[in-house]
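Visitor: My questions all concern the structure below.
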Amino acid sequence: MAQSLPPDSASSVRPILPEQPLPVSVLARLDHSLMSLRHILVRPVTTGLPIPSLGRSVDFAKVAACEAVAQCAAGSVSPSVKDLASLLHLDHSTMSRVLADAESEGLVVRATDETDRRRTVVELTTDGASLVDDGVALRTWFMGQLLQDWSEGDVTLLTDLLERAVTTFDERFAAVREEAEARLGFPVLPD
């Protein structure tokens, strides 16, 4: 069970940057909740996600890479390493390493783009497609078990708010980081 902030800690959090648009106590609670949620959700996959069709666990980074390839392919795009790195917010070299590992496990194939020889495209293998299907099914089942006492309306509300937060964060992240770096005088977070 996630721990709550001690009653006085949310009010004692001192803002690093001035001009908070919302009360610090509200933002501190949100930050604490998101950090707790992250720790809970990554715990089961630190050793890998069990993939029934493959009969083994697969590192979550490879699952995410395969899902990104599938997402691009659903839009009729053969993604490049650069496309996937951008989609997953990873640097090019990290994405290349993940794809090399996924390729060595037979989950993806990389090939030179026939229309632009400078570009390497990535496609799922049959095992990679099975991994995507099983990964989504397993996580959906897992989420259903975790939220079994919640009403459909509450789950829908949570989902709507999380989708709104993702869109807002994605749209504003770069500008907020630049402002923080300008005020602090040093880099805050890597890209």
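Every chain in the structure tokens has a letter given in the order shown (A, B, ...), and although residue numbers restart at 1 in each chain, ligands are simply numbered from 1 in the order shown.
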Going by DSSP on the backbone, which bits of range 34-121 of chain A are strand (DSSP E or B)? Write them as a ChimeraX atom specification, please.

Guide: /A:49-51,56-58,80,108-112,120-121

Visitor: Take the residues from that selection and put them in a file with N, CA and C atoms, as a compact mmCIF listing (two decimals), in the first residue's frame.

Guide:
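again-v1.txt was written with the following content:
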# COMPACT_ATOMS: atom_id res chain seq x y z
N LEU A 49 8.32 -9.08 -18.17
CA LEU A 49 6.90 -9.34 -18.29
C LEU A 49 6.72 -10.76 -18.82
N PRO A 50 5.97 -11.63 -18.10
CA PRO A 50 5.80 -12.99 -18.59
C PRO A 50 4.94 -13.01 -19.86
N ILE A 51 5.45 -13.61 -20.91
CA ILE A 51 4.76 -13.66 -22.20
C ILE A 51 4.39 -15.11 -22.50
N ARG A 56 8.25 -17.41 -21.74
CA ARG A 56 9.33 -16.81 -20.94
C ARG A 56 8.99 -15.36 -20.67
N SER A 57 9.77 -14.75 -19.80
CA SER A 57 9.63 -13.32 -19.52
C SER A 57 10.49 -12.52 -20.48
N VAL A 58 10.03 -11.32 -20.78
CA VAL A 58 10.78 -10.41 -21.66
C VAL A 58 10.94 -9.09 -20.93
N SER A 80 11.64 4.09 -38.11
CA SER A 80 13.09 4.04 -38.05
C SER A 80 13.49 4.01 -36.57
N VAL A 108 12.16 -8.52 -33.36
CA VAL A 108 12.11 -7.53 -34.43
C VAL A 108 13.18 -7.86 -35.46
N VAL A 109 13.03 -7.28 -36.63
CA VAL A 109 14.08 -7.30 -37.64
C VAL A 109 14.33 -5.87 -38.07
N ARG A 110 15.59 -5.57 -38.29
CA ARG A 110 15.96 -4.25 -38.79
C ARG A 110 16.48 -4.42 -40.21
N ALA A 111 16.12 -3.45 -41.05
CA ALA A 111 16.55 -3.52 -42.45
C ALA A 111 16.75 -2.11 -42.97
N THR A 112 17.49 -2.01 -44.04
CA THR A 112 17.69 -0.72 -44.70
C THR A 112 16.43 -0.36 -45.47
N THR A 120 17.33 3.11 -41.32
CA THR A 120 17.08 1.73 -40.91
C THR A 120 15.66 1.65 -40.37
N VAL A 121 14.86 0.73 -40.91
CA VAL A 121 13.49 0.55 -40.45
C VAL A 121 13.40 -0.72 -39.61

Visitor: DSSP says alpha helix (DSSP H) for which residues of chain A? Put them as a PyMOL selection string?

Guide: chain A and resi 9-12+24-42+60-74+81-88+92-104+126-146+152-184

Visitor: Near range 141-147 of chain A, counting only C-alpha atoms, which residues have an atom at most 12 Å away, once you skip same-chain residues fewer than 2 positions from it, shown as an NGL selection string?

Guide: :A and (1 or 40-41 or 44-45 or 49-50 or 134-139 or 149-156 or 158-159)

Visitor: Please, could you write that set of residues out with N, CA and C atoms as a PDB file, in the first residue's frame?

Guide:
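New file result.pdb:
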ATOM      1  N   MET A   1       0.833  -1.173   0.000  1.00  0.00           N
ATOM      2  CA  MET A   1       0.000   0.000   0.000  1.00  0.00           C
ATOM      3  C   MET A   1       0.874   1.231   0.000  1.00  0.00           C
ATOM      4  N   ILE A  40       5.078   1.266  -7.837  1.00  0.00           N
ATOM      5  CA  ILE A  40       4.201   0.096  -7.813  1.00  0.00           C
ATOM      6  C   ILE A  40       4.140  -0.558  -9.188  1.00  0.00           C
ATOM      7  N   LEU A  41       4.003   0.254 -10.233  1.00  0.00           N
ATOM      8  CA  LEU A  41       3.819  -0.300 -11.571  1.00  0.00           C
ATOM      9  C   LEU A  41       5.085  -0.874 -12.176  1.00  0.00           C
ATOM     10  N   PRO A  44       6.488  -5.072 -10.793  1.00  0.00           N
ATOM     11  CA  PRO A  44       6.295  -6.398 -11.385  1.00  0.00           C
ATOM     12  C   PRO A  44       7.129  -6.648 -12.645  1.00  0.00           C
ATOM     13  N   VAL A  45       7.573  -5.595 -13.293  1.00  0.00           N
ATOM     14  CA  VAL A  45       8.265  -5.816 -14.563  1.00  0.00           C
ATOM     15  C   VAL A  45       9.775  -5.624 -14.469  1.00  0.00           C
ATOM     16  N   LEU A  49       8.319  -9.082 -18.167  1.00  0.00           N
ATOM     17  CA  LEU A  49       6.895  -9.343 -18.287  1.00  0.00           C
ATOM     18  C   LEU A  49       6.723 -10.759 -18.817  1.00  0.00           C
ATOM     19  N   PRO A  50       5.968 -11.626 -18.103  1.00  0.00           N
ATOM     20  CA  PRO A  50       5.796 -12.994 -18.594  1.00  0.00           C
ATOM     21  C   PRO A  50       4.935 -13.010 -19.858  1.00  0.00           C
ATOM     22  N   ASP A 134       0.224 -10.382 -26.111  1.00  0.00           N
ATOM     23  CA  ASP A 134       0.254 -10.920 -24.754  1.00  0.00           C
ATOM     24  C   ASP A 134       0.540  -9.841 -23.719  1.00  0.00           C
ATOM     25  N   GLY A 135       1.438  -8.925 -24.030  1.00  0.00           N
ATOM     26  CA  GLY A 135       1.778  -7.853 -23.093  1.00  0.00           C
ATOM     27  C   GLY A 135       0.575  -6.977 -22.777  1.00  0.00           C
ATOM     28  N   VAL A 136      -0.162  -6.591 -23.811  1.00  0.00           N
ATOM     29  CA  VAL A 136      -1.357  -5.768 -23.604  1.00  0.00           C
ATOM     30  C   VAL A 136      -2.403  -6.556 -22.819  1.00  0.00           C
ATOM     31  N   ALA A 137      -2.628  -7.807 -23.194  1.00  0.00           N
ATOM     32  CA  ALA A 137      -3.628  -8.632 -22.503  1.00  0.00           C
ATOM     33  C   ALA A 137      -3.265  -8.817 -21.031  1.00  0.00           C
ATOM     34  N   LEU A 138      -1.989  -9.078 -20.746  1.00  0.00           N
ATOM     35  CA  LEU A 138      -1.563  -9.294 -19.371  1.00  0.00           C
ATOM     36  C   LEU A 138      -1.697  -8.020 -18.540  1.00  0.00           C
ATOM     37  N   ARG A 139      -1.251  -6.901 -19.082  1.00  0.00           N
ATOM     38  CA  ARG A 139      -1.357  -5.645 -18.335  1.00  0.00           C
ATOM     39  C   ARG A 139      -2.812  -5.243 -18.118  1.00  0.00           C
ATOM     40  N   ASP A 149     -12.394  -3.264  -7.315  1.00  0.00           N
ATOM     41  CA  ASP A 149     -13.380  -2.662  -6.417  1.00  0.00           C
ATOM     42  C   ASP A 149     -13.797  -1.259  -6.857  1.00  0.00           C
ATOM     43  N   TRP A 150     -13.238  -0.780  -7.945  1.00  0.00           N
ATOM     44  CA  TRP A 150     -13.581   0.552  -8.449  1.00  0.00           C
ATOM     45  C   TRP A 150     -14.768   0.420  -9.399  1.00  0.00           C
ATOM     46  N   SER A 151     -15.578   1.471  -9.468  1.00  0.00           N
ATOM     47  CA  SER A 151     -16.679   1.465 -10.434  1.00  0.00           C
ATOM     48  C   SER A 151     -16.134   1.773 -11.823  1.00  0.00           C
ATOM     49  N   GLU A 152     -16.877   1.370 -12.831  1.00  0.00           N
ATOM     50  CA  GLU A 152     -16.480   1.689 -14.202  1.00  0.00           C
ATOM     51  C   GLU A 152     -16.365   3.202 -14.390  1.00  0.00           C
ATOM     52  N   GLY A 153     -17.276   3.939 -13.765  1.00  0.00           N
ATOM     53  CA  GLY A 153     -17.235   5.406 -13.858  1.00  0.00           C
ATOM     54  C   GLY A 153     -15.959   5.987 -13.265  1.00  0.00           C
ATOM     55  N   ASP A 154     -15.509   5.440 -12.106  1.00  0.00           N
ATOM     56  CA  ASP A 154     -14.272   5.922 -11.489  1.00  0.00           C
ATOM     57  C   ASP A 154     -13.059   5.603 -12.360  1.00  0.00           C
ATOM     58  N   VAL A 155     -13.025   4.397 -12.944  1.00  0.00           N
ATOM     59  CA  VAL A 155     -11.915   4.020 -13.820  1.00  0.00           C
ATOM     60  C   VAL A 155     -11.913   4.909 -15.064  1.00  0.00           C
ATOM     61  N   THR A 156     -13.086   5.179 -15.605  1.00  0.00           N
ATOM     62  CA  THR A 156     -13.184   6.061 -16.778  1.00  0.00           C
ATOM     63  C   THR A 156     -12.717   7.466 -16.429  1.00  0.00           C
ATOM     64  N   LEU A 158     -10.624   8.352 -14.000  1.00  0.00           N
ATOM     65  CA  LEU A 158      -9.169   8.300 -13.822  1.00  0.00           C
ATOM     66  C   LEU A 158      -8.465   8.278 -15.174  1.00  0.00           C
ATOM     67  N   THR A 159      -8.964   7.465 -16.089  1.00  0.00           N
ATOM     68  CA  THR A 159      -8.367   7.355 -17.419  1.00  0.00           C
ATOM     69  C   THR A 159      -8.450   8.686 -18.164  1.00  0.00           C
TER      70      THR A 159
END

Visitor: Set the distance at 9 Å and use only C-alpha atoms: which residues neighbour Lys62 in chain A once local chain neighbours fewer than 5 positions away are removed? I'd like the list as a list in words.

Guide: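 The residues that qualify are Glu67, Val98, Leu99, Asp101, Ala102 and Leu107 of chain A.
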
Visitor: Find, counting only C-alpha atoms, the residue in A:His32, A:Leu87, A:Ser130, A:Val81 that gets nearest to Arg118 in chain A.

Guide: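 Between A:His32, A:Leu87, A:Ser130, A:Val81, the residue approaching Arg118 in chain A most closely is A:Val81.
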
Visitor: Report the distance between CA of Val69 in chain A and CA of Gly128 in chain A in Å, rounded to one decimal place.

Guide: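 It comes out at 9.3 Å.
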